[in-house]
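Input: a single structure, listed below in structure tokens.
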Amino acid sequence: MMNSTKSFNSNFMGYFVLFVWGFVLMEVGFGQNQATEIKVGVVLDLQTLFSKICLTSMNMSLSDFYKKHTDYTTRLAIHVRDSMEDVVQASAAALDLIKNEEVSAIIGPRSSMQTEFMIRLANISQVPTITFSATCPSLTSINSPYFVRATLDDSSQVRAIAAIIKSFGWRNVVAVYVDNEFGKGIMSYLSDALNDVQAFVVNRCLIPQDANDDQILKELYKLMTMQTRVFVVHMPPTLGFRFFQKAREIGMMEEGYVWLLTDGVMNLIKSNERGSSFENMQGVLGVRSHITKSKDLEDFRLRWKKTFEKKNSLKGDDVELNIFVLRAYDSITALAMAVENTNIKSLWYDNPIASANNKTDLGTLKVSRYGPSLLEALSNVRFKGLAGEFKLVNRQFELSAFEVINIIGNEERIIGFWRPGNGLVNANSNKTTLLGGERFGPVIWPGKSHVVPKGWEIPTNGKMLRVGVPVKKGFLNFVDAKKDPITNELTPTGYCIDVFEAALKKLHYSVIPKYIAFVSPDENYDEMVYQVYNGTYDAVVGDVTIIANRSLYVDFTLPYTESGVSMMVPLKENRNKNTWVFLKPWSLDLWVTTTCFFVFIGFIVWILEHRVNTDFRGPPHHQIGTSFWFAFSTMNFAHREKVVSNLARFVVLVWCFVVLVLIQSYTANLTSFLTVQRFQPEVTNWKDLIKNNEYVGYQRGTFVGNLLESQGFQKSQLKPFGSAEECDELFSNGTIAASFDEVAYLKLILSKNCSRYAMVFPKNSPLTDDVSRAILNVTQGEEMQNIENKWFKKQSDNCPDPKNDLSSNSLSVSSFWGLFLIAGIASFLALLIFVVTFLYEHKLTLFADSEHSFPRKLKSLVRIFDEKDIKSHTFKENAVHNVSSPITQGSSTPLTDQGTPLPRSSSQNREFESRSVPSIPNGELFTLQSKQVEDEESTINVKVK
């Protein structure tokens, strides 16, 4: 019975388990049957390794997504078409998917050229087209609302490239790119980004997509003949690998060359040809989209290799995942999420309106009603994908970070990062990169060089630098173009030539100039500058001034002398002397300040000496007069009053030093006024020349003539001259009243040094920066002084500087405020010490008696201050020497005011008689205070007769 029961229970449990399992399977199957299938088209070049890699990633994305989301009511069904690496086939594949499969969205194609027509097709059919690898910026200009770029376009990297170029100080760049929409689309953005950092695309090299080796070599040989050595390469990796192979063969991967690869090359550089491609690209730099490492990414990488090996003959280790593989994975995930959030009730196509005139397939193309809602849902998708955050802004990815890569050996070394907010950041220190500071670390350049290339070289054809030199009739100190009678070669001399050749010697490479004479009847320098612009000269050396309209055509080096246009006029003797000229050496504020300090010092000395010095005592008018006399007499050190206190001596000592400096400065400036003022310019205002219709001179051929006309001078007033001697002659015969010219020529006429002049080069010439830095090195050293002495020193020793002020300037308080500050501080310090000492000595008067008010106490202190300080050594010494007998002389007892002796004890007599009493002037009554006897204070009044 028990066995039967056990058997029944066992069977029952088995059937129950089978029932539950079957129910679960039925529910799962029922759920799967209920899931709505959403058709999605995929257009790829299925025969390429790139497409095989991406397709594997997309299938894995579908599998991974629905394993995590088993409750979704929609399922993507992928329909793949082969575009056969052809634009027409890609469009035909898309048309087939829309017309026959009625797909809700299309992913692909691979290239930007294939995408353009598909975008227009999607716009007609309202089928969203999602690309994860078409990066051409021009695709956005089609303005199709159904085009979604799930990757960065090429314009996002140009700021990173420009930042790298700026950080190394390169000015000129040659753009090398494939001759199709992919290559051309980035060029305008690259040029604008470089212009923002003061760099320029000086040349462009287009390589056909199907170029053979001979065509590549032909373009490379053209690049070798250029001065610029900085190349930005933007082309598909298959073409790029062959390009660098040929560049290496002809020696363009050696020291001195700079190769900077765009994201399009760097993202796909790791392929089955990795070893050979790396060997040909040693030392190149590149930018690549930054992928943040994560555990999910590493897990996917391992699973992807296993899956790829199963479906392809290649091993997973032979290929590497790139940003596009991860974008493909994330694109499927985003599309699956968007589909789930879209109402499937609109999942149908509208039949087209029949047209008798349109008999093509496009005329019968249906329109998807599902597209608009799917596009809106896709725009709102946000998630953390394998390639980073998936977020669309205006149906495109936002700008993100880029890695700066340096290819060394068989590895890509990350040496820095570029981020939109921070710019370039060093990969090691994580610090922002600044020009001239820490860039990257370290960079290995082509040819295994560690030296940063300067970015340009003299062309390999040995062409010399053609330097134009003006032929002048005057002012030959600056430049004198003469031909060697033996070699018939132009050998110019002069100040400008010496500075130029000294700068060339500072360069760390050889530049050989070939001087060419520029001859012009009117010495028109504008025409000479334009010869640089049109290519006749490579540079111009001479006394060419930097002005705005010339800088539109050429670049100027740093100036190496001072600038400015000035006026030169004859001097006349000024015999009319000003009656009050003796007041001019000092300004009004200095006179007032000095007077106030005389009064202040006299007051301070009176306070310090009043109690201890009889010279500063007496009636009030006498004390005031003595104080003023003492203070002002220090001006010529004629004071006869002695100061006896140390504090007063300290104040007077400091003030005498101040007075000494003031007097010496006054004397020197007055002398200058009485001598230099003998000569005054005849004209001080150029407007007076216009008003009086005076003739003025200017140097022939310079811009000064046009400048004078623009300021209001009539052409008939202008008299040109060609040399310093001719200018002097025009002044001598009274033809001109003034001469206008650049300071350099005026200084030469006055036999002084020259001012600002600079050499000029073609716009964006790479020599400009190097020669400017070389000029800076020359001007900061002794060599510049030697050059100036050579051409100008001999003539300038005995000549005044025309820029010197012809009248001396009045001295102001600002010239002596330090002295006044010292005197003020010394006086206040002495006064403070005196007050503190005085209050301490009479603290009983101030604090002991609490019955009296403060004003009464203050009045008592003032009364005490007005009295003599009999404790002072000055009065004690006088008392010792002047007393002829003790105060008891003539009387053995003290007297009252009436002569009556005061009663005192014998002990008081002995004490009184033992004291010495100072002599007292006749008629003066003073009080001596004795000890207290029986707590009473007795006062002895002595009347000296």
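Ligands are numbered from 1 in the order shown, chains are lettered A, B, ... in the order of the structure tokens, and residues start at 1 in each chain.
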Legend entry - Shell around Lys384 (chain A) at 12 Å using only C-alpha atoms, local window under 6 positions removed, as a list of chain:residue names: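 Within the cut-off, the hits are A:Thr292, A:Ser294, A:Asp296, A:Leu297, A:Leu326, A:Arg327, A:Tyr329, A:Asp330, A:Ser331, A:Thr333, A:Ala334, A:Phe390, A:Lys391.
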Inset, instruction - Pull the strand (DSSP E or B) assignments for region 399-595 of chain A out of DSSP run on the backbone, and list those residues as number ranges by chain. - result: A: 402-408, 411-419, 423-426, 432, 445, 449, 456, 465-470, 480, 483, 490, 493, 513-518, 539-544, 554-556, 565-568, 571-573, 586
How close does each residue of region 253-294 of chain A get to region 150-153 of chain A, giving the shortest atom pair and distance in Å to one decimal for every residue with an atom at most 10 Å away, counting only C-alpha atoms, sorted by chain and residue number, as a tab-separated table?
```
residue	atom	partner	partner_atom	distance
A:Asp263	CA	A:Asp153	CA	9.8
A:Gly264	CA	A:Asp153	CA	9.8
A:Ser289	CA	A:Leu152	CA	8.6
```
Write out as a compact mmCIF listing (two decimals) with C-alpha atoms, in the first residue's frame the residues lying within 12 Å of Gln198 (chain A), counting only C-alpha atoms and excluding same-chain residues fewer than 5 positions away.
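Produced file part_15.txt, reproduced below:
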```
# COMPACT_ATOMS: atom_id res chain seq x y z
CA ALA A 162 44.80 73.16 -35.05
CA ALA A 163 45.68 73.03 -31.35
CA ILE A 165 49.88 72.77 -34.82
CA LYS A 166 49.70 75.85 -32.62
CA SER A 167 51.41 74.12 -29.70
CA GLY A 169 54.50 76.91 -33.39
CA TRP A 170 54.02 75.85 -37.01
CA ARG A 171 52.54 78.47 -39.31
CA ASN A 172 52.09 76.70 -42.65
CA VAL A 173 50.42 73.39 -43.46
CA SER A 191 41.22 76.11 -42.96
CA ASP A 192 38.98 78.06 -40.59
CA ALA A 193 40.35 76.26 -37.52
CA LYS A 763 52.29 86.54 -46.75
CA ASN A 764 52.56 83.45 -44.50
CA ASP A 769 58.85 83.90 -37.57
```
Legend entry - Residue contacts of Phe721 (chain A) (6 Å, only C-alpha atoms) excluding same-chain residues fewer than 4 positions away, as a list in words: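 My list of contacting residues is Gln699, Arg700, Glu726 and Cys727 of chain A.
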Convert the current residue selection to file output with N, CA and C atoms, as a PDB file, in the first residue's frame.
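This went into again.pdb:
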```pdb
ATOM      1  N   GLN A 699      60.441 113.238 -47.557  1.00  0.00           N
ATOM      2  CA  GLN A 699      61.354 112.408 -48.343  1.00  0.00           C
ATOM      3  C   GLN A 699      60.633 111.796 -49.538  1.00  0.00           C
ATOM      4  N   ARG A 700      61.223 111.894 -50.680  1.00  0.00           N
ATOM      5  CA  ARG A 700      60.638 111.417 -51.926  1.00  0.00           C
ATOM      6  C   ARG A 700      60.470 109.892 -51.892  1.00  0.00           C
ATOM      7  N   GLU A 726      70.101 117.550 -49.341  1.00  0.00           N
ATOM      8  CA  GLU A 726      69.054 118.297 -50.036  1.00  0.00           C
ATOM      9  C   GLU A 726      68.073 118.909 -49.051  1.00  0.00           C
ATOM     10  N   CYS A 727      67.752 118.181 -47.974  1.00  0.00           N
ATOM     11  CA  CYS A 727      66.858 118.711 -46.943  1.00  0.00           C
ATOM     12  C   CYS A 727      67.481 119.922 -46.274  1.00  0.00           C
TER      13      CYS A 727
END
```
Inset, instruction - Just give me the gap between CA of Gly701 (chain A) and CA of Tyr525 (chain A) in Å, one decimal is fine. - result: 6.5 Å
Inset, instruction - Find the residues near Val232 (chain A): any atom within 6 Å, counting only C-alpha atoms, skip ones fewer than 4 places away on the same chain, and give them as a PyMOL selection string. - result: chain A and resi 175-176+260-261
Inset, instruction - For Met464 (chain A), please output as a PyMOL selection string all residues within 8 Å (counting only C-alpha atoms; exclusion window: fewer than 2 positions along the same chain). - result: chain A and resi 462+466+511-514
Legend entry - Selection near Val581 (chain A), 10 Å with only C-alpha atoms, sequence-local residues under 5 positions removed, as an MDAnalysis selection string: chainID A and resid 670 673:674
Closest pair table for region 177-291 of chain A residues within 10 Å of region 108-130 of chain A, only C-alpha atoms, as CSV:
```
residue,atom,partner,partner_atom,distance
A:Asn180,CA,A:Met113,CA,7.8
A:Glu181,CA,A:Met113,CA,6.3
A:Phe182,CA,A:Ser112,CA,6.0
A:Gly183,CA,A:Ser112,CA,9.8
A:Gly185,CA,A:Ser112,CA,9.7
A:Pro236,CA,A:Ser111,CA,9.7
```
